[in-house]
Amino acid sequence: MSFKNKKTHILFIILFVLLGTIFRLHHLVLISSIILYFLIFVREKNYFEIFAIITFKIIFLTLFYYFYQFDGAIFFIKKIFNYFIVENSYIEFYSNTNSNEVVFNDSINFSSYFSIKRLNILLSTFSSPVPVIKFFESQYIQLFVNFSFLIIIIIALLKVNLSSQFKKIIIIFYSLSLIFIFLLPMNEGSYYLPISFINIFILYCFFKKIFKSYFELITLSSLSTSILIFSLIYFGNSKIINLETHNFKKLNKDMNDLKYNSQKHNISAFLPLKNLNNPELWVWKLKTKICNKNIIYCINSELDEVNILYLHQKTSEEYITEDQHNYLERINFNDKKNSKLLTKVLLDHFIEENIPKNFNKVRILSQNSTKDFSYKILMLKK
């Protein structure tokens, strides 16, 4: 497919803008790769396409942050730059965070930028989407596997029959992705998602060229074996490798129990702490909306009696905010290593601060502290 085709230009522009809704921040890396290709390798530069790509992206980001929170985004970027990149101090980040600001969750990577762990994060660009970290705990084994994938990708790019245009864009994209993923404090799968598609495509072309007529047989056999193995892992009780499926099965059961109790007691509002992970999952499982504002606006103030679900996701010492830290100091709470107890104590504090005006606690209708969260369903009366 040639870039000299005007329809191709228009198609690329549309795809880049639309794919940004999926790839999030990494979409900027993709956009930058295309722009750099035009500026470096295209002799007859068509600045209209470059200008159009940048303009569409600015419009998209402006609309996104307008309907989201522009101040929150600026705060987020500033904190990342100051505490993670300049000072490399996540502890200071948390001590300077209050309940009205962005709080990172447990997807953050706290490793030093000059460590084997950080190097593995860098090289995971080439092993993605294979979950190497789930199969091997040793950083040295991970390093060997990730480096092996790097060698395979390099050989594949040299051997496969792809257009020089495509290869140049891919090389730029790989280079920028390495910088992007290396500098980020998080280690989420969504940042590997765009590069994963490219890895799969390149490896597909490479192995098809090697195995030729046997490619389909080997591919189908490998897929069947993989499905069988992962089915045994998921439905079995033994934890062969560190996959989230084992934790999720327990979490799913606990969430179903909570759903049953919520429906049983006919809750009027669901009020979790602000650091809730995957809020859309909770909304889907509990079949109720999250109260994201003052509780008084989430209930019918004309009612004399309401049932409220308060929930706090599992937390640990390094993730508590400054306000929570001060509260724990005031009550002389010293068992911060006990994540389950810490979560329960902070939930009780959260409840005390979020009882609707003119309402009083009558009794606890249901409560539980699981491995992943603590909750209470309270009956409140005027």
# chains A, B, ... in the order shown; residues from 1 in each chain; ligands from 1
$ closest_atom_pairs --of "segment 107-150 of chain A" --to "segment 202-209 of chain A" --cutoff "12 Å" --atoms "only C-alpha atoms" --output "CSV"
residue,atom,partner,partner_atom,distance
A:Phe126,CA,A:Leu203,CA,10.6
A:Ser127,CA,A:Leu203,CA,10.7
A:Ser128,CA,A:Leu203,CA,11.5
A:Pro129,CA,A:Leu203,CA,11.7
A:Phe149,CA,A:Leu203,CA,9.9
A:Leu150,CA,A:Leu203,CA,11.4
$ closest_atom_pairs --of "segment 223-300 of chain A" --to "segment 329-353 of chain A" --cutoff "10 Å" --atoms "only C-alpha atoms" --output "tab-separated table"
residue	atom	partner	partner_atom	distance
A:Leu271	CA	A:Ile351	CA	9.2
A:Pro272	CA	A:Leu347	CA	8.9
A:Leu273	CA	A:Phe350	CA	7.5
$ residues_around --residues "Leu365 of chain A" --least-positions-apart "4" --cutoff "8 Å" --atoms "only C-alpha atoms" --output "VMD selection string"
chain A and resid 265 376 to 379
$ residues_around --residues "Ile299 of chain A" --least-positions-apart "4" --cutoff "12 Å" --atoms "only C-alpha atoms" --output "PyMOL selection string"
chain A and resi 267-271+289-291+293-295+303-309+355-357+359+380
$ atom_distance --atom1 "atom CA of Ser366 of chain A" --atom2 "atom CA of Glu302 of chain A"
24.0 Å
$ residues_around --residues "Leu276 of chain A" --least-positions-apart "3" --cutoff "9 Å" --atoms "only C-alpha atoms" --output "list in words"
Asn105, Pro272, Leu273, Pro279, Leu311, His312 and Gln313 of chain A
$ write_last_selection --atoms "N, CA and C atoms" --output "CSV table (one decimal), in the first residue's frame"
chain,number,residue,atom,x,y,z
A,105,ASN,N,-2.8,3.4,41.6
A,105,ASN,CA,-3.1,2.1,42.2
A,105,ASN,C,-2.0,1.1,42.1
A,272,PRO,N,-17.9,3.8,47.0
A,272,PRO,CA,-16.6,3.3,47.3
A,272,PRO,C,-15.6,4.4,47.5
A,273,LEU,N,-14.4,4.1,48.0
A,273,LEU,CA,-13.3,5.1,48.1
A,273,LEU,C,-12.9,5.4,46.6
A,279,PRO,N,-13.7,0.4,37.9
A,279,PRO,CA,-15.1,0.7,38.4
A,279,PRO,C,-16.2,0.1,37.5
A,311,LEU,N,-17.7,0.7,50.4
A,311,LEU,CA,-16.7,-0.3,50.0
A,311,LEU,C,-15.3,0.3,49.8
A,312,HIS,N,-14.3,-0.5,50.3
A,312,HIS,CA,-12.9,-0.1,50.1
A,312,HIS,C,-12.1,-1.3,49.6
A,313,GLN,N,-11.5,-1.0,48.4
A,313,GLN,CA,-10.7,-2.1,47.8
A,313,GLN,C,-9.4,-2.3,48.6
$ closest_residue --among "A:Ile40, A:Tyr260, A:Leu123, A:Ser163" --to "Ile151 of chain A" --atoms "only C-alpha atoms"
A:Leu123
$ select_by_dssp --residues "segment 299-367 of chain A" --states "strand (DSSP E)" --output "PDB file with C-alpha atoms, in the first residue's frame"
ATOM      1  CA  GLU A 305     -34.581   5.346  55.745  1.00  0.00           C
ATOM      2  CA  VAL A 306     -31.836   4.371  53.278  1.00  0.00           C
ATOM      3  CA  ASN A 307     -29.399   1.495  52.915  1.00  0.00           C
ATOM      4  CA  ILE A 308     -25.893   2.456  51.753  1.00  0.00           C
ATOM      5  CA  LEU A 309     -23.131   0.168  50.479  1.00  0.00           C
ATOM      6  CA  TYR A 310     -19.681   1.423  51.516  1.00  0.00           C
ATOM      7  CA  LEU A 311     -16.677  -0.327  49.985  1.00  0.00           C
ATOM      8  CA  HIS A 312     -12.897  -0.079  50.115  1.00  0.00           C
ATOM      9  CA  GLN A 313     -10.674  -2.066  47.787  1.00  0.00           C
ATOM     10  CA  ASN A 360     -27.812   8.419  61.673  1.00  0.00           C
ATOM     11  CA  LYS A 361     -26.526   4.853  61.668  1.00  0.00           C
ATOM     12  CA  VAL A 362     -29.124   2.350  62.833  1.00  0.00           C
ATOM     13  CA  ARG A 363     -27.444  -0.979  62.251  1.00  0.00           C
ATOM     14  CA  ILE A 364     -25.143  -2.965  60.026  1.00  0.00           C
ATOM     15  CA  LEU A 365     -27.157  -5.051  57.579  1.00  0.00           C
ATOM     16  CA  SER A 366     -24.165  -6.882  56.104  1.00  0.00           C
ATOM     17  CA  GLN A 367     -20.378  -6.676  56.280  1.00  0.00           C
TER      18      GLN A 367
END
$ atom_distance --atom1 "atom CA of Ile195 of chain A" --atom2 "atom CA of Phe173 of chain A"
8.2 Å
